[in-house]
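> My structure is in upload-v8.cif, and what it holds is mmCIF, C-alpha atoms:
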data_my_file
loop_
_atom_site.group_PDB
_atom_site.id
_atom_site.type_symbol
_atom_site.label_atom_id
_atom_site.label_comp_id
_atom_site.auth_asym_id
_atom_site.auth_seq_id
_atom_site.Cartn_x
_atom_site.Cartn_y
_atom_site.Cartn_z
ATOM 1 C CA MET W 1 66.478 77.271 84.319
ATOM 2 C CA ARG W 2 69.850 78.095 82.768
ATOM 3 C CA TYR W 3 73.063 78.528 84.702
ATOM 4 C CA SER W 4 76.158 80.340 83.596
ATOM 5 C CA LEU W 5 79.563 79.225 84.762
ATOM 6 C CA LEU W 6 81.877 81.890 86.064
ATOM 7 C CA PRO W 7 85.650 81.418 86.132
ATOM 8 C CA VAL W 8 86.895 81.000 89.703
ATOM 9 C CA THR W 9 90.333 82.316 90.605
ATOM 10 C CA LEU W 10 92.272 80.625 93.379
ATOM 11 C CA VAL W 11 93.672 83.197 95.790
ATOM 12 C CA VAL W 12 97.256 82.310 96.579
ATOM 13 C CA PRO W 13 99.692 84.970 97.740
ATOM 14 C CA ILE W 14 103.246 84.893 96.443
ATOM 15 C CA PHE W 15 104.950 84.009 99.702
ATOM 16 C CA ARG W 16 108.472 84.962 98.585
ATOM 17 C CA SER W 17 107.479 88.586 98.138
ATOM 18 C CA SER W 18 104.603 88.815 100.644
ATOM 19 C CA TYR W 19 104.877 89.769 104.290
ATOM 20 C CA VAL W 20 102.721 90.737 107.241
ATOM 21 C CA GLY W 21 103.590 94.188 108.533
ATOM 22 C CA ASN W 22 103.902 94.621 112.296
ATOM 23 C CA ILE W 23 104.055 90.852 112.848
ATOM 24 C CA SER W 24 105.019 91.531 116.470
ATOM 25 C CA LEU W 25 101.445 92.726 117.066
ATOM 26 C CA PHE W 26 100.145 89.327 115.957
ATOM 27 C CA ARG W 27 102.572 87.585 118.320
ATOM 28 C CA GLU W 28 101.250 89.762 121.134
ATOM 29 C CA MET W 29 97.653 88.971 120.125
ATOM 30 C CA GLU W 30 98.407 85.237 120.110
ATOM 31 C CA GLU W 31 99.867 85.479 123.632
ATOM 32 C CA LYS W 32 96.755 87.298 124.861
ATOM 33 C CA LEU W 33 94.496 84.686 123.263
ATOM 34 C CA GLN W 34 96.434 81.862 124.904
ATOM 35 C CA GLN W 35 95.906 83.605 128.265
ATOM 36 C CA GLY W 36 92.152 83.529 127.647
ATOM 37 C CA ASP W 37 91.745 87.161 126.614
ATOM 38 C CA ASN W 38 89.704 88.318 123.625
ATOM 39 C CA VAL W 39 91.133 90.263 120.701
ATOM 40 C CA ILE W 40 88.986 92.272 118.307
ATOM 41 C CA LEU W 41 90.284 93.750 115.050
ATOM 42 C CA PHE W 42 88.208 96.345 113.216
ATOM 43 C CA SER W 43 88.413 97.027 109.518
ATOM 44 C CA ASN W 44 86.745 99.682 107.435
ATOM 45 C CA HIS W 45 86.375 97.371 104.450
ATOM 46 C CA GLN W 46 86.583 93.643 103.768
ATOM 47 C CA THR W 47 86.950 92.161 100.329
ATOM 48 C CA GLU W 48 85.862 88.642 99.562
ATOM 49 C CA ALA W 49 89.498 87.476 99.382
ATOM 50 C CA ASP W 50 90.659 88.992 102.699
ATOM 51 C CA PRO W 51 89.847 86.055 104.999
ATOM 52 C CA ALA W 52 91.685 83.564 102.800
ATOM 53 C CA VAL W 53 94.717 85.781 102.251
ATOM 54 C CA ILE W 54 95.023 86.725 105.932
ATOM 55 C CA ALA W 55 94.781 83.077 107.015
ATOM 56 C CA LEU W 56 97.400 81.989 104.473
ATOM 57 C CA LEU W 57 99.846 84.734 105.469
ATOM 58 C CA LEU W 58 99.462 84.095 109.209
ATOM 59 C CA GLU W 59 99.375 80.291 109.289
ATOM 60 C CA ALA W 60 103.165 79.761 109.427
ATOM 61 C CA LYS W 61 103.922 82.035 112.405
ATOM 62 C CA ASN W 62 100.509 82.458 114.050
ATOM 63 C CA PRO W 63 98.543 79.292 113.330
ATOM 64 C CA HIS W 64 96.116 79.757 116.218
ATOM 65 C CA ILE W 65 94.992 83.131 114.874
ATOM 66 C CA ALA W 66 94.908 81.882 111.278
ATOM 67 C CA GLU W 67 92.695 78.915 112.162
ATOM 68 C CA ASN W 68 90.372 80.574 114.684
ATOM 69 C CA MET W 69 89.830 84.125 113.453
ATOM 70 C CA ILE W 70 86.151 84.892 112.865
ATOM 71 C CA TYR W 71 85.224 87.359 110.142
ATOM 72 C CA VAL W 72 82.008 89.360 110.298
ATOM 73 C CA ALA W 73 80.724 91.272 107.290
ATOM 74 C CA GLY W 74 77.563 92.999 106.168
ATOM 75 C CA ASP W 75 74.675 91.203 104.507
ATOM 76 C CA ARG W 76 75.918 91.983 101.001
ATOM 77 C CA ILE W 77 78.693 89.455 101.421
ATOM 78 C CA ILE W 78 76.184 86.592 101.595
ATOM 79 C CA THR W 79 73.305 88.005 99.530
ATOM 80 C CA ASP W 80 75.208 89.219 96.470
ATOM 81 C CA PRO W 81 75.275 86.257 94.019
ATOM 82 C CA LEU W 82 78.790 87.155 92.851
ATOM 83 C CA CYS W 83 80.249 87.508 96.375
ATOM 84 C CA LYS W 84 78.564 84.547 98.031
ATOM 85 C CA PRO W 85 80.644 81.692 96.524
ATOM 86 C CA PHE W 86 83.878 83.361 97.652
ATOM 87 C CA SER W 87 82.689 84.106 101.165
ATOM 88 C CA MET W 88 80.755 81.121 102.473
ATOM 89 C CA GLY W 89 83.641 79.246 104.039
ATOM 90 C CA ARG W 90 85.078 82.043 106.144
ATOM 91 C CA CYS W 91 82.359 84.486 107.171
ATOM 92 C CA SER W 92 80.091 84.367 110.209
#
Render the structure in this file as structure tokens.


Amino acid sequence: MRYSLLPVTLVVPIFRSSYVGNISLFREMEEKLQQGDNVILFSNHQTEADPAVIALLLEAKNPHIAENMIYVAGDRIITDPLCKPFSMGRCS
């Protein structure tokens, strides 16, 4: 059996020019979570890089959310051979 190596790109946002819009909403979510409430965010589309980028952008001001957010995606994200290596660490 032969294997081909694919180049892997490390996803690192440029923090100097990146920001999270409506950061006050994430502060409010973190307060609710600390009170024992649940918070659910819905998205129409998730790319393979989204979990990593979101966690990196939130970890400085909202570490609880960054470390504990659970991502749920369709079966393609773990069955597609190209998507799977990028998704295994962050998807449930």

> Using all atoms listed in the file for the distances, tell me which of W:Pro63, W:Gln35, W:Ile70, W:Gly21 is nearest to W:Pro51.

W:Ile70

> Near W:Arg27, within 9 Å and counting only C-alpha atoms, which residues show up once chain neighbours fewer than 5 positions away are dropped, as a PyMOL selection string?

chain W and resi 32+61-62

> Those same residues - C-alpha atoms - I'd like them written as a PDB file, in the frame of the given file.


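Listed below is the output, again-v4.pdb:
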ATOM      1  CA  LYS W  32      96.755  87.298 124.861  1.00  0.00           C
ATOM      2  CA  LYS W  61     103.922  82.035 112.405  1.00  0.00           C
ATOM      3  CA  ASN W  62     100.509  82.458 114.050  1.00  0.00           C
TER       4      ASN W  62
END

> Rounded to one decimal place, report the atom CA of W:Val20-atom CA of W:Gly74 distance in Å.

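Computing the Euclidean distance for atom CA of W:Val20 and atom CA of W:Gly74 yields 25.3 Å.
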
> Select, from W:Val72, W:Leu57, W:Ile65, W:Asn22, the residue with the minimum atom-to-atom distance to W:Asn38, counting all atoms listed in the file.

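The shortest atom-to-atom distance to W:Asn38 comes from W:Ile65.
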
> Could you check the closest approach to W:Met69 for each of W:Glu30, W:Ala49, W:Ser24, W:Pro81 and tell me which residue wins, using all atoms listed in the file?

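The closest residue to W:Met69 is W:Glu30.
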
> The PyMOL selection byres ((chain W and resi 15) around 12) - which residues does that actually catch in the file I just gave you? List them as a VMD selection string.

chain W and resid 11 to 14 16 to 20 53 56 to 60

> Counting all atoms listed in the file, which residue out of W:Asp50, W:Leu33, W:Ile23, W:Ser43 sits closest to W:Asn68?

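Residue with the minimum atom-to-atom distance to W:Asn68: W:Leu33.
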
> Give me, please, the distance in Å between atom CA of W:His45 and atom CA of W:Thr79, quoted to one decimal.

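Interatomic distance here is 16.8 Å.
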
> Quick one: distance from atom CA of W:Ile40 to atom CA of W:Glu28 in Å, one decimal?

12.8 Å

> Nearest residue to W:Ala52 out of W:Asp37, W:Glu67, W:Glu31, W:Asp80, using only C-alpha atoms?

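Among the listed residues, the smallest separation from W:Ala52 belongs to W:Glu67.
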
> Is there a way to complete stretch 45-56 of chain W with all heavy atoms and then write that out as a PDB file, keeping the file's coordinate frame?


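And here is the file that came out, out-v7.pdb:
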ATOM      1  N   HIS W  45      86.848  98.018 105.670  1.00  0.00           N
ATOM      2  CA  HIS W  45      86.375  97.371 104.450  1.00  0.00           C
ATOM      3  C   HIS W  45      86.922  95.953 104.406  1.00  0.00           C
ATOM      4  O   HIS W  45      88.055  95.712 104.789  1.00  0.00           O
ATOM      5  CB  HIS W  45      86.865  98.157 103.227  1.00  0.00           C
ATOM      6  CG  HIS W  45      86.438  97.567 101.931  1.00  0.00           C
ATOM      7  ND1 HIS W  45      85.149  97.651 101.483  1.00  0.00           N
ATOM      8  CD2 HIS W  45      87.111  96.871 101.002  1.00  0.00           C
ATOM      9  CE1 HIS W  45      85.065  97.044 100.306  1.00  0.00           C
ATOM     10  NE2 HIS W  45      86.252  96.559  99.999  1.00  0.00           N
ATOM     11  N   GLN W  46      86.119  95.019 103.941  1.00  0.00           N
ATOM     12  CA  GLN W  46      86.583  93.643 103.768  1.00  0.00           C
ATOM     13  C   GLN W  46      86.238  93.192 102.370  1.00  0.00           C
ATOM     14  O   GLN W  46      85.093  93.280 101.954  1.00  0.00           O
ATOM     15  CB  GLN W  46      85.908  92.718 104.783  1.00  0.00           C
ATOM     16  CG  GLN W  46      86.288  91.260 104.597  1.00  0.00           C
ATOM     17  CD  GLN W  46      85.604  90.375 105.623  1.00  0.00           C
ATOM     18  OE1 GLN W  46      85.581  90.705 106.792  1.00  0.00           O
ATOM     19  NE2 GLN W  46      85.057  89.265 105.180  1.00  0.00           N
ATOM     20  N   THR W  47      87.232  92.738 101.643  1.00  0.00           N
ATOM     21  CA  THR W  47      86.950  92.161 100.329  1.00  0.00           C
ATOM     22  C   THR W  47      86.698  90.670 100.509  1.00  0.00           C
ATOM     23  O   THR W  47      87.000  90.096 101.548  1.00  0.00           O
ATOM     24  CB  THR W  47      88.121  92.362  99.351  1.00  0.00           C
ATOM     25  OG1 THR W  47      89.232  91.583  99.784  1.00  0.00           O
ATOM     26  CG2 THR W  47      88.507  93.828  99.260  1.00  0.00           C
ATOM     27  N   GLU W  48      86.176  90.057  99.481  1.00  0.00           N
ATOM     28  CA  GLU W  48      85.862  88.642  99.562  1.00  0.00           C
ATOM     29  C   GLU W  48      87.112  87.791  99.754  1.00  0.00           C
ATOM     30  O   GLU W  48      87.065  86.712 100.324  1.00  0.00           O
ATOM     31  CB  GLU W  48      85.097  88.196  98.313  1.00  0.00           C
ATOM     32  CG  GLU W  48      83.675  88.719  98.250  1.00  0.00           C
ATOM     33  CD  GLU W  48      83.583  90.195  97.874  1.00  0.00           C
ATOM     34  OE1 GLU W  48      84.544  90.736  97.280  1.00  0.00           O
ATOM     35  OE2 GLU W  48      82.566  90.816  98.183  1.00  0.00           O
ATOM     36  N   ALA W  49      88.258  88.258  99.290  1.00  0.00           N
ATOM     37  CA  ALA W  49      89.498  87.476  99.382  1.00  0.00           C
ATOM     38  C   ALA W  49      90.223  87.653 100.721  1.00  0.00           C
ATOM     39  O   ALA W  49      91.062  86.831 101.077  1.00  0.00           O
ATOM     40  CB  ALA W  49      90.438  87.870  98.246  1.00  0.00           C
ATOM     41  N   ASP W  50      89.916  88.686 101.469  1.00  0.00           N
ATOM     42  CA  ASP W  50      90.659  88.992 102.699  1.00  0.00           C
ATOM     43  C   ASP W  50      90.778  87.828 103.679  1.00  0.00           C
ATOM     44  O   ASP W  50      91.882  87.542 104.150  1.00  0.00           O
ATOM     45  CB  ASP W  50      90.067  90.202 103.417  1.00  0.00           C
ATOM     46  CG  ASP W  50      90.365  91.509 102.716  1.00  0.00           C
ATOM     47  OD1 ASP W  50      91.165  91.499 101.759  1.00  0.00           O
ATOM     48  OD2 ASP W  50      89.794  92.527 103.113  1.00  0.00           O
ATOM     49  N   PRO W  51      89.706  87.141 104.031  1.00  0.00           N
ATOM     50  CA  PRO W  51      89.847  86.055 104.999  1.00  0.00           C
ATOM     51  C   PRO W  51      90.838  84.984 104.558  1.00  0.00           C
ATOM     52  O   PRO W  51      91.661  84.515 105.348  1.00  0.00           O
ATOM     53  CB  PRO W  51      88.433  85.489 105.121  1.00  0.00           C
ATOM     54  CG  PRO W  51      87.544  86.638 104.766  1.00  0.00           C
ATOM     55  CD  PRO W  51      88.290  87.380 103.695  1.00  0.00           C
ATOM     56  N   ALA W  52      90.782  84.599 103.297  1.00  0.00           N
ATOM     57  CA  ALA W  52      91.685  83.564 102.800  1.00  0.00           C
ATOM     58  C   ALA W  52      93.133  84.045 102.798  1.00  0.00           C
ATOM     59  O   ALA W  52      94.040  83.325 103.231  1.00  0.00           O
ATOM     60  CB  ALA W  52      91.274  83.134 101.394  1.00  0.00           C
ATOM     61  N   VAL W  53      93.351  85.251 102.327  1.00  0.00           N
ATOM     62  CA  VAL W  53      94.717  85.781 102.251  1.00  0.00           C
ATOM     63  C   VAL W  53      95.306  85.972 103.647  1.00  0.00           C
ATOM     64  O   VAL W  53      96.454  85.591 103.907  1.00  0.00           O
ATOM     65  CB  VAL W  53      94.747  87.102 101.443  1.00  0.00           C
ATOM     66  CG1 VAL W  53      96.109  87.761 101.528  1.00  0.00           C
ATOM     67  CG2 VAL W  53      94.371  86.844  99.997  1.00  0.00           C
ATOM     68  N   ILE W  54      94.535  86.518 104.561  1.00  0.00           N
ATOM     69  CA  ILE W  54      95.023  86.725 105.932  1.00  0.00           C
ATOM     70  C   ILE W  54      95.375  85.390 106.572  1.00  0.00           C
ATOM     71  O   ILE W  54      96.435  85.238 107.181  1.00  0.00           O
ATOM     72  CB  ILE W  54      93.985  87.498 106.773  1.00  0.00           C
ATOM     73  CG1 ILE W  54      93.879  88.934 106.268  1.00  0.00           C
ATOM     74  CG2 ILE W  54      94.355  87.474 108.249  1.00  0.00           C
ATOM     75  CD1 ILE W  54      92.714  89.711 106.833  1.00  0.00           C
ATOM     76  N   ALA W  55      94.513  84.395 106.432  1.00  0.00           N
ATOM     77  CA  ALA W  55      94.781  83.077 107.015  1.00  0.00           C
ATOM     78  C   ALA W  55      96.043  82.459 106.423  1.00  0.00           C
ATOM     79  O   ALA W  55      96.870  81.908 107.146  1.00  0.00           O
ATOM     80  CB  ALA W  55      93.586  82.157 106.811  1.00  0.00           C
ATOM     81  N   LEU W  56      96.211  82.561 105.114  1.00  0.00           N
ATOM     82  CA  LEU W  56      97.400  81.989 104.473  1.00  0.00           C
ATOM     83  C   LEU W  56      98.683  82.675 104.925  1.00  0.00           C
ATOM     84  O   LEU W  56      99.701  82.029 105.147  1.00  0.00           O
ATOM     85  CB  LEU W  56      97.271  82.069 102.949  1.00  0.00           C
ATOM     86  CG  LEU W  56      96.279  81.100 102.324  1.00  0.00           C
ATOM     87  CD1 LEU W  56      96.048  81.438 100.855  1.00  0.00           C
ATOM     88  CD2 LEU W  56      96.762  79.664 102.470  1.00  0.00           C
TER      89      LEU W  56
END
